[in-house]
file structure.cif (mmCIF, C-alpha atoms)
data_my_file
#
loop_
_atom_site.label_atom_id
_atom_site.label_comp_id
_atom_site.auth_asym_id
_atom_site.auth_seq_id
_atom_site.Cartn_x
_atom_site.Cartn_y
_atom_site.Cartn_z
CA MET A 886 0.00 0.00 0.00
CA THR A 887 1.39 3.41 -0.95
CA VAL A 888 0.82 6.70 0.83
CA THR A 889 -0.69 9.39 -1.37
CA ASP A 890 -0.44 13.13 -0.87
CA SER A 891 -3.96 13.18 0.53
CA GLU A 892 -3.25 10.56 3.20
CA PRO A 893 -1.57 11.72 6.43
CA VAL A 894 1.70 10.06 7.32
CA VAL A 895 1.44 8.22 10.64
CA GLY A 896 3.50 9.98 13.27
CA ALA A 897 4.02 13.11 11.18
CA LEU A 898 3.54 16.47 12.87
CA PRO A 899 0.74 18.68 11.54
CA ARG A 900 2.28 21.39 9.37
CA PRO A 901 1.68 24.37 11.74
CA ARG A 902 3.10 22.43 14.67
CA HIS A 903 6.04 21.22 12.58
CA GLU A 904 6.84 24.82 11.58
CA LEU A 905 6.61 25.93 15.20
CA VAL A 906 9.07 23.21 16.25
CA LEU A 907 11.50 24.33 13.53
CA ARG A 908 11.11 27.98 14.59
CA VAL A 909 11.83 27.16 18.21
CA ALA A 910 14.81 24.98 17.32
CA SER A 911 16.28 27.69 15.08
CA ALA A 912 15.74 30.34 17.76
CA LEU A 913 17.48 28.17 20.37
CA VAL A 914 20.55 28.14 18.13
CA LEU A 915 20.54 31.73 16.85
CA ALA A 916 19.60 33.60 20.04
CA PRO A 917 22.57 32.28 22.08
CA LEU A 918 24.90 33.08 19.17
CA ALA A 919 23.62 36.66 19.09
CA ILE A 920 24.01 37.02 22.87
CA VAL A 921 27.54 35.58 22.80
CA ALA A 922 28.47 37.99 20.00
CA VAL A 923 27.18 40.89 22.11
CA TRP A 924 29.12 39.67 25.15
CA LEU A 925 32.37 39.25 23.16
CA GLY A 926 31.99 42.57 21.37
CA GLY A 927 34.76 43.91 19.15
CA ALA A 928 35.75 41.96 16.06
CA TRP A 929 33.53 38.99 16.92
CA PHE A 930 30.45 41.18 17.14
CA LEU A 931 31.25 42.98 13.90
CA ALA A 932 31.94 39.69 12.12
CA PHE A 933 28.57 38.33 13.26
CA TRP A 934 26.64 41.30 11.90
CA THR A 935 28.79 41.61 8.77
CA ILE A 936 27.83 38.05 7.84
CA GLY A 937 24.20 38.86 8.59
CA ALA A 938 24.30 42.03 6.49
CA ILE A 939 25.84 40.23 3.51
CA GLY A 940 23.23 37.48 3.81
CA VAL A 941 20.41 40.03 3.86
CA LEU A 942 22.00 41.84 0.90
CA TRP A 943 22.00 38.61 -1.11
CA GLU A 944 18.37 37.92 -0.22
CA CYS A 945 17.26 41.44 -1.15
CA ILE A 946 19.04 41.51 -4.51
CA ARG A 947 17.90 37.98 -5.29
CA LEU A 948 14.27 38.94 -4.68
CA VAL A 949 14.57 42.08 -6.79
CA ALA A 950 16.78 40.91 -9.65
CA GLY A 951 16.33 37.13 -9.64
CA ARG A 952 19.49 35.29 -10.57
CA ARG A 953 21.20 38.44 -11.85
CA VAL A 954 23.00 39.15 -8.58
CA TRP A 955 26.41 39.53 -10.22
CA PRO A 956 28.22 41.93 -9.92
CA VAL A 957 26.05 43.84 -7.44
CA VAL A 958 26.26 41.43 -4.50
CA PRO A 959 30.07 40.89 -4.59
CA ALA A 960 30.74 44.61 -5.01
CA GLU A 961 28.38 45.68 -2.22
CA ALA A 962 29.56 42.83 0.02
CA LEU A 963 33.10 44.23 -0.27
CA VAL A 964 31.75 47.65 0.69
CA ILE A 965 30.08 46.13 3.77
CA VAL A 966 33.32 44.40 4.83
CA VAL A 967 35.29 47.65 4.54
CA ALA A 968 32.52 49.47 6.40
CA ALA A 969 32.84 46.95 9.24
CA TRP A 970 36.58 47.65 9.39
CA LEU A 971 35.92 51.40 9.57
CA LEU A 972 33.51 50.81 12.44
CA ALA A 973 36.15 48.67 14.16
CA VAL A 974 38.65 51.53 14.07
CA GLY A 975 36.11 54.06 15.32
CA ARG A 976 35.22 55.91 12.11
CA PRO A 977 31.40 55.94 12.02
CA ALA A 978 31.15 59.04 9.81
CA ALA A 979 33.52 57.52 7.24
CA THR A 980 31.44 54.32 7.40
CA LEU A 981 28.28 56.18 6.47
CA ALA A 982 30.08 57.99 3.64
CA LEU A 983 31.42 54.70 2.27
CA LEU A 984 27.99 53.07 2.36
CA ALA A 985 26.54 56.04 0.47
CA ILE A 986 29.20 55.59 -2.23
CA GLY A 987 28.50 51.86 -2.29
CA LEU A 988 24.81 52.60 -2.74
CA LEU A 989 25.53 54.63 -5.87
CA LEU A 990 27.88 51.92 -7.14
CA ALA A 991 25.27 49.20 -6.65
CA ALA A 992 22.60 51.24 -8.39
CA GLY A 993 24.93 51.80 -11.34
CA LEU A 994 25.65 48.06 -11.63
CA SER A 995 21.99 47.04 -11.39
CA PRO A 996 19.69 45.96 -14.22
CA ALA A 997 17.62 48.73 -15.78
CA GLY A 998 14.34 49.25 -13.97
CA LYS A 999 15.63 47.66 -10.76
CA ARG A 1000 17.99 50.37 -9.53
CA ILE A 1001 15.76 51.97 -6.90
CA TRP A 1002 14.88 48.58 -5.43
CA VAL A 1003 18.51 47.45 -5.41
CA ALA A 1004 19.52 50.72 -3.74
CA GLY A 1005 16.85 50.13 -1.11
CA GLY A 1006 18.20 46.63 -0.52
CA CYS A 1007 21.69 48.03 -0.01
CA VAL A 1008 20.39 50.54 2.53
CA TYR A 1009 18.54 47.74 4.31
CA ALA A 1010 21.64 45.53 4.50
CA GLY A 1011 23.96 48.35 5.49
CA ALA A 1012 21.63 49.40 8.29
CA LEU A 1013 21.76 45.88 9.72
CA LEU A 1014 25.49 46.33 10.23
CA VAL A 1015 25.66 49.98 11.24
CA ALA A 1016 22.78 50.27 13.74
CA PRO A 1017 23.84 47.43 16.09
CA ALA A 1018 27.53 48.34 15.69
CA LEU A 1019 26.97 51.97 16.69
CA LEU A 1020 25.13 50.90 19.83
CA ARG A 1021 27.57 48.12 20.81
CA GLY A 1022 30.63 50.25 20.02
CA GLU A 1023 30.12 52.35 23.13
CA ALA A 1024 32.11 50.73 25.94
CA GLN A 1025 30.04 51.78 28.94
CA HIS A 1026 26.47 51.11 27.81
CA GLY A 1027 26.83 49.21 24.54
CA MET A 1028 26.24 45.70 25.85
CA VAL A 1029 23.20 46.71 27.88
CA ALA A 1030 21.77 48.59 24.88
CA LEU A 1031 21.86 45.45 22.73
CA LEU A 1032 20.44 43.23 25.48
CA PHE A 1033 17.69 45.80 25.99
CA LEU A 1034 16.97 45.75 22.26
CA PHE A 1035 16.97 41.94 22.11
CA ALA A 1036 14.53 41.74 25.02
CA VAL A 1037 12.14 44.21 23.39
CA VAL A 1038 12.17 42.61 19.95
CA TRP A 1039 12.11 38.98 21.10
CA MET A 1040 9.28 39.52 23.58
CA THR A 1041 7.36 41.39 20.90
CA ASP A 1042 7.67 38.42 18.54
CA ILE A 1043 6.91 35.76 21.14
CA PHE A 1044 3.89 37.39 22.74
CA ALA A 1045 2.46 38.73 19.49
CA TYR A 1046 2.39 35.11 18.32
CA LEU A 1047 1.06 33.65 21.57
CA VAL A 1048 -1.59 36.29 22.22
CA GLY A 1049 -2.63 36.39 18.59
CA ARG A 1050 -3.11 32.62 18.54
CA ALA A 1051 -4.95 32.58 21.88
CA VAL A 1052 -7.19 35.62 21.42
CA GLY A 1053 -7.49 36.08 17.67
CA GLY A 1054 -9.63 38.93 16.40
CA ARG A 1055 -9.27 41.47 13.64
CA ARG A 1056 -6.24 41.41 11.37
CA VAL A 1057 -3.94 44.43 11.27
CA TRP A 1058 -3.13 44.33 7.54
CA PRO A 1059 -4.60 41.17 6.01
CA ALA A 1060 -3.50 41.97 2.47
CA VAL A 1061 0.15 41.86 3.55
CA SER A 1062 0.24 39.63 6.63
CA PRO A 1063 -3.05 37.76 7.05
CA LYS A 1064 -2.17 36.02 10.33
CA LYS A 1065 -1.21 39.08 12.40
CA THR A 1066 -3.97 40.39 14.66
CA TRP A 1067 -4.50 43.55 16.70
CA SER A 1068 -4.64 41.43 19.85
CA GLY A 1069 -1.23 39.97 19.08
CA ALA A 1070 0.22 43.39 18.27
CA ILE A 1071 -1.01 44.83 21.57
CA GLY A 1072 0.11 41.76 23.54
CA GLY A 1073 3.56 41.91 22.00
CA ALA A 1074 3.91 45.63 22.71
CA VAL A 1075 2.89 45.25 26.36
CA ALA A 1076 5.28 42.33 26.84
CA ALA A 1077 8.08 44.33 25.23
CA ALA A 1078 7.49 47.30 27.55
CA ILE A 1079 7.71 44.98 30.56
CA ALA A 1080 10.79 43.19 29.22
CA GLY A 1081 12.64 46.42 28.44
CA THR A 1082 11.85 47.76 31.91
CA VAL A 1083 13.10 44.54 33.52
CA VAL A 1084 16.40 44.72 31.63
CA ALA A 1085 16.78 48.39 32.56
CA MET A 1086 16.09 47.55 36.21
CA TRP A 1087 18.64 44.70 36.10
CA ALA A 1088 21.24 47.09 34.64
CA GLY A 1089 20.54 49.71 37.31
CA LEU A 1090 19.44 52.35 34.83
CA PRO A 1091 17.54 55.45 36.00
CA ASN A 1092 14.10 56.66 34.88
CA LEU A 1093 12.48 53.26 34.37
CA PRO A 1094 9.07 54.69 33.29
CA ILE A 1095 10.69 56.51 30.38
CA LEU A 1096 12.57 53.38 29.34
CA GLY A 1097 9.29 51.49 29.48
CA ILE A 1098 7.85 54.02 27.03
CA VAL A 1099 10.96 53.70 24.84
CA SER A 1100 10.49 49.92 24.89
CA LEU A 1101 6.87 50.32 23.83
CA GLY A 1102 7.85 52.61 20.97
CA LEU A 1103 10.57 50.25 19.78
CA SER A 1104 8.10 47.37 19.86
CA ILE A 1105 5.73 49.30 17.60
CA VAL A 1106 8.59 50.10 15.23
CA SER A 1107 9.65 46.44 15.27
CA GLN A 1108 6.16 45.32 14.25
CA ALA A 1109 6.06 47.98 11.54
CA GLY A 1110 9.36 46.62 10.21
CA ASP A 1111 7.83 43.16 10.06
CA PHE A 1112 4.94 44.47 7.95
CA LEU A 1113 7.31 46.45 5.71
CA GLU A 1114 9.37 43.34 4.95
CA SER A 1115 6.20 41.33 4.27
CA ALA A 1116 4.98 44.01 1.84
CA PHE A 1117 8.38 43.98 0.10
CA LYS A 1118 8.22 40.19 -0.36
CA ARG A 1119 4.65 40.32 -1.66
CA ARG A 1120 5.67 43.02 -4.14
CA PHE A 1121 8.01 40.46 -5.69
CA GLY A 1122 5.76 37.44 -5.25
CA ALA A 1123 7.72 35.68 -2.50
CA LYS A 1124 6.52 34.11 0.73
CA ASP A 1125 9.99 33.88 2.29
CA ALA A 1126 13.17 35.82 1.58
CA SER A 1127 15.07 32.52 1.28
CA HIS A 1128 15.25 29.16 3.04
CA LEU A 1129 18.43 29.69 5.04
CA ILE A 1130 16.79 29.29 8.48
CA PRO A 1131 14.48 26.31 9.11
CA GLY A 1132 11.04 27.44 10.24
CA HIS A 1133 11.78 31.11 9.63
CA GLY A 1134 12.64 31.37 5.94
CA GLY A 1135 15.51 33.76 5.42
CA LEU A 1136 17.60 36.20 7.41
CA MET A 1137 15.27 39.02 6.41
CA ASP A 1138 12.33 37.06 7.78
CA ARG A 1139 14.11 36.59 11.10
CA LEU A 1140 15.66 40.06 11.40
CA ASP A 1141 13.01 42.37 9.92
CA GLY A 1142 11.61 43.54 13.26
CA PHE A 1143 15.04 43.71 14.88
CA LEU A 1144 16.45 45.80 12.04
CA ALA A 1145 13.66 48.37 12.25
CA ALA A 1146 13.94 48.61 16.03
CA ALA A 1147 17.75 48.78 15.90
CA VAL A 1148 17.67 51.63 13.38
CA ALA A 1149 15.13 53.52 15.51
CA ALA A 1150 17.15 52.88 18.68
CA ALA A 1151 20.41 53.98 17.05
CA ALA A 1152 18.78 57.07 15.56
CA LEU A 1153 17.34 58.06 18.94
CA GLY A 1154 20.68 57.38 20.59
CA VAL A 1155 22.61 59.44 18.05
CA LEU A 1156 20.15 62.33 18.34
CA ARG A 1157 20.62 62.42 22.12
CA GLY A 1158 24.22 61.23 22.51
CA GLY A 1159 25.94 61.80 19.17
CA LEU A 1160 27.75 59.26 17.00
CA HIS A 1161 30.18 58.37 19.78
CA ALA A 1162 27.63 57.80 22.59
CA PRO A 1163 24.42 56.46 21.04
CA ALA A 1164 23.89 53.75 23.67
CA GLN A 1165 24.02 56.36 26.41
CA GLY A 1166 21.60 58.52 24.41
CA LEU A 1167 19.21 55.58 24.17
CA LEU A 1168 19.35 54.43 27.79
CA ILE A 1169 20.20 57.39 30.05
CA TRP A 1170 17.34 59.86 30.59
#
call {"tool": "encode", "arguments": {"input": "structure.cif", "output": "C-alpha cells"}}
result
Amino acid sequence: MTVTDSEPVVGALPRPRHELVLRVASALVLAPLAIVAVWLGGAWFLAFWTIGAIGVLWECIRLVAGRRVWPVVPAEALVIVVAAWLLAVGRPAATLALLAIGLLLAAGLSPAGKRIWVAGGCVYAGALLVAPALLRGEAQHGMVALLFLFAVVWMTDIFAYLVGRAVGGRRVWPAVSPKKTWSGAIGGAVAAAIAGTVVAMWAGLPNLPILGIVSLGLSIVSQAGDFLESAFKRRFGAKDASHLIPGHGGLMDRLDGFLAAAVAAAALGVLRGGLHAPAQGLLIW
C-alpha cells in the first residue's frame, strides 16, 4: 500500500506544529549566538553582523533581480566588509560615507528598472550592520543597549504570536500579513514594555518609566518593520526571503523587526548622545 499526498503520514507532525518546532529549534541556536556575539563585542560582534548584512543583501538583490545578482552582490559585500573595518577603528562618519558611495555603485551596476529597489536593498543591509555596531561600540552602555533591544524585539515576537493565537480577532493588515492580529500586536507591545523595563532595572538604569515608554515605541517600530518586509516580499511574489533558516525562511524574515527597532534605537541614541555615545543617548534619561 502506498501513501498518497492526501493521506496523512502516521507519526508526522501537523504542518503548523512542525513549523513551530522548527522555529523554536532555530531560535534556540541563533539567540545564544547573538548574545555571545554581544558579550564578546569587538571583532567577533562585527563579524557576526557583517555576515548577517551580507546574507540580507543577497536575499534582497535575489528577490529584486532574480538570478542576476552579479556583480552587485560581490561589489556591495566588499563595501560592507570595509565598512565593518571602519567601524572597528572608530570611524562611524567615514562608514556612512562609504555606504553612500556603495549605494551609488550598486545602483549603477543594477539591471535597468531595478535600480531603486537594489539601492533600497543596499540601505537595508547596510543598516543591519551599522545600527547594532553603533550601539555596541560604546564601551560603557553598549552591551546593555543590545540586550535591551533583544529583550524588546524577542518579547514582541513571542507574545504577538502567543496572544494572537490565543485571542485572535481582527487582522492588522490582512492583504500583507493575514495572520497578524491587533490582539497579538497589543500583547507583543505590552510584553516588550515589561521586558525592556526589567532589563533596565537589572542594569541599574535610571528613569524606568521613560525606558518602558521607549520599549513600547521600539516594539511598535519592530512590528512595523515586520509588515514592511512582508509588503516587500509580496511586491516580488515571494513568501519567504530565502530558506536559510528552518522554520523562519531567510535572514530578512528573522531580522526584519530587529532591524527596524535597531535603526530607531540607534537614531534616537545618536540624536541624544551623538555618533560616539548612542547607547548612552538611548538608555540614560
call {"tool": "resolve_selection", "arguments": {"input": "structure.cif", "expression": "the PyMOL selection byres ((chain A and resi 912) around 12)", "output": "MDAnalysis selection string"}}
result
chainID A and resid 905:911 913:920 1039 1042:1043 1130:1133 1139:1140
call {"tool": "write_last_selection", "arguments": {"input": "structure.cif", "atoms": "C-alpha atoms", "output": "compact mmCIF listing (two decimals), in the frame of the given file"}}
result
# COMPACT_ATOMS: atom_id res chain seq x y z
CA LEU A 905 6.61 25.93 15.20
CA VAL A 906 9.07 23.21 16.25
CA LEU A 907 11.50 24.33 13.53
CA ARG A 908 11.11 27.98 14.59
CA VAL A 909 11.83 27.16 18.21
CA ALA A 910 14.81 24.98 17.32
CA SER A 911 16.28 27.69 15.08
CA LEU A 913 17.48 28.17 20.37
CA VAL A 914 20.55 28.14 18.13
CA LEU A 915 20.54 31.73 16.85
CA ALA A 916 19.60 33.60 20.04
CA PRO A 917 22.57 32.28 22.08
CA LEU A 918 24.90 33.08 19.17
CA ALA A 919 23.62 36.66 19.09
CA ILE A 920 24.01 37.02 22.87
CA TRP A 1039 12.11 38.98 21.10
CA ASP A 1042 7.67 38.42 18.54
CA ILE A 1043 6.91 35.76 21.14
CA ILE A 1130 16.79 29.29 8.48
CA PRO A 1131 14.48 26.31 9.11
CA GLY A 1132 11.04 27.44 10.24
CA HIS A 1133 11.78 31.11 9.63
CA ARG A 1139 14.11 36.59 11.10
CA LEU A 1140 15.66 40.06 11.40
call {"tool": "closest_residue", "arguments": {"input": "structure.cif", "among": "A:Ala1116, A:Ala950, A:Val964, A:Ala922", "to": "Pro1059 in chain A", "atoms": "only C-alpha atoms"}}
result
A:Ala1116
call {"tool": "resolve_selection", "arguments": {"input": "structure.cif", "expression": "the PyMOL selection byres ((chain A and resi 1137) around 12)", "output": "PyMOL selection string"}}
result
chain A and resi 937-946+948+1006+1009-1010+1013+1110-1115+1117-1118+1124-1130+1133-1136+1138-1145
call {"tool": "closest_residue", "arguments": {"input": "structure.cif", "among": "A:Ala997, A:Leu931, A:Leu1167, A:Val966", "to": "Gly1022 in chain A", "atoms": "all atoms listed in the file"}}
result
A:Leu931
call {"tool": "closest_residue", "arguments": {"input": "structure.cif", "among": "A:Pro1017, A:Pro956, A:Gly993, A:Gly1122", "to": "Ala1030 in chain A", "atoms": "all atoms listed in the file"}}
result
A:Pro1017
call {"tool": "atom_distance", "arguments": {"input": "structure.cif", "atom1": "CA of Ala1164 in chain A", "atom2": "CA of Leu1020 in chain A"}}
result
4.9 Å
call {"tool": "residues_near_point", "arguments": {"input": "structure.cif", "point": "(-6.5, 41.7, 17.4)", "cutoff": "8 Å", "atoms": "only C-alpha atoms", "output": "list in words"}}
result
Gly1049, Val1052, Gly1053, Gly1054, Arg1055, Arg1056, Val1057, Lys1065, Thr1066, Trp1067, Ser1068, Gly1069, Ala1070 and Ile1071 of chain A
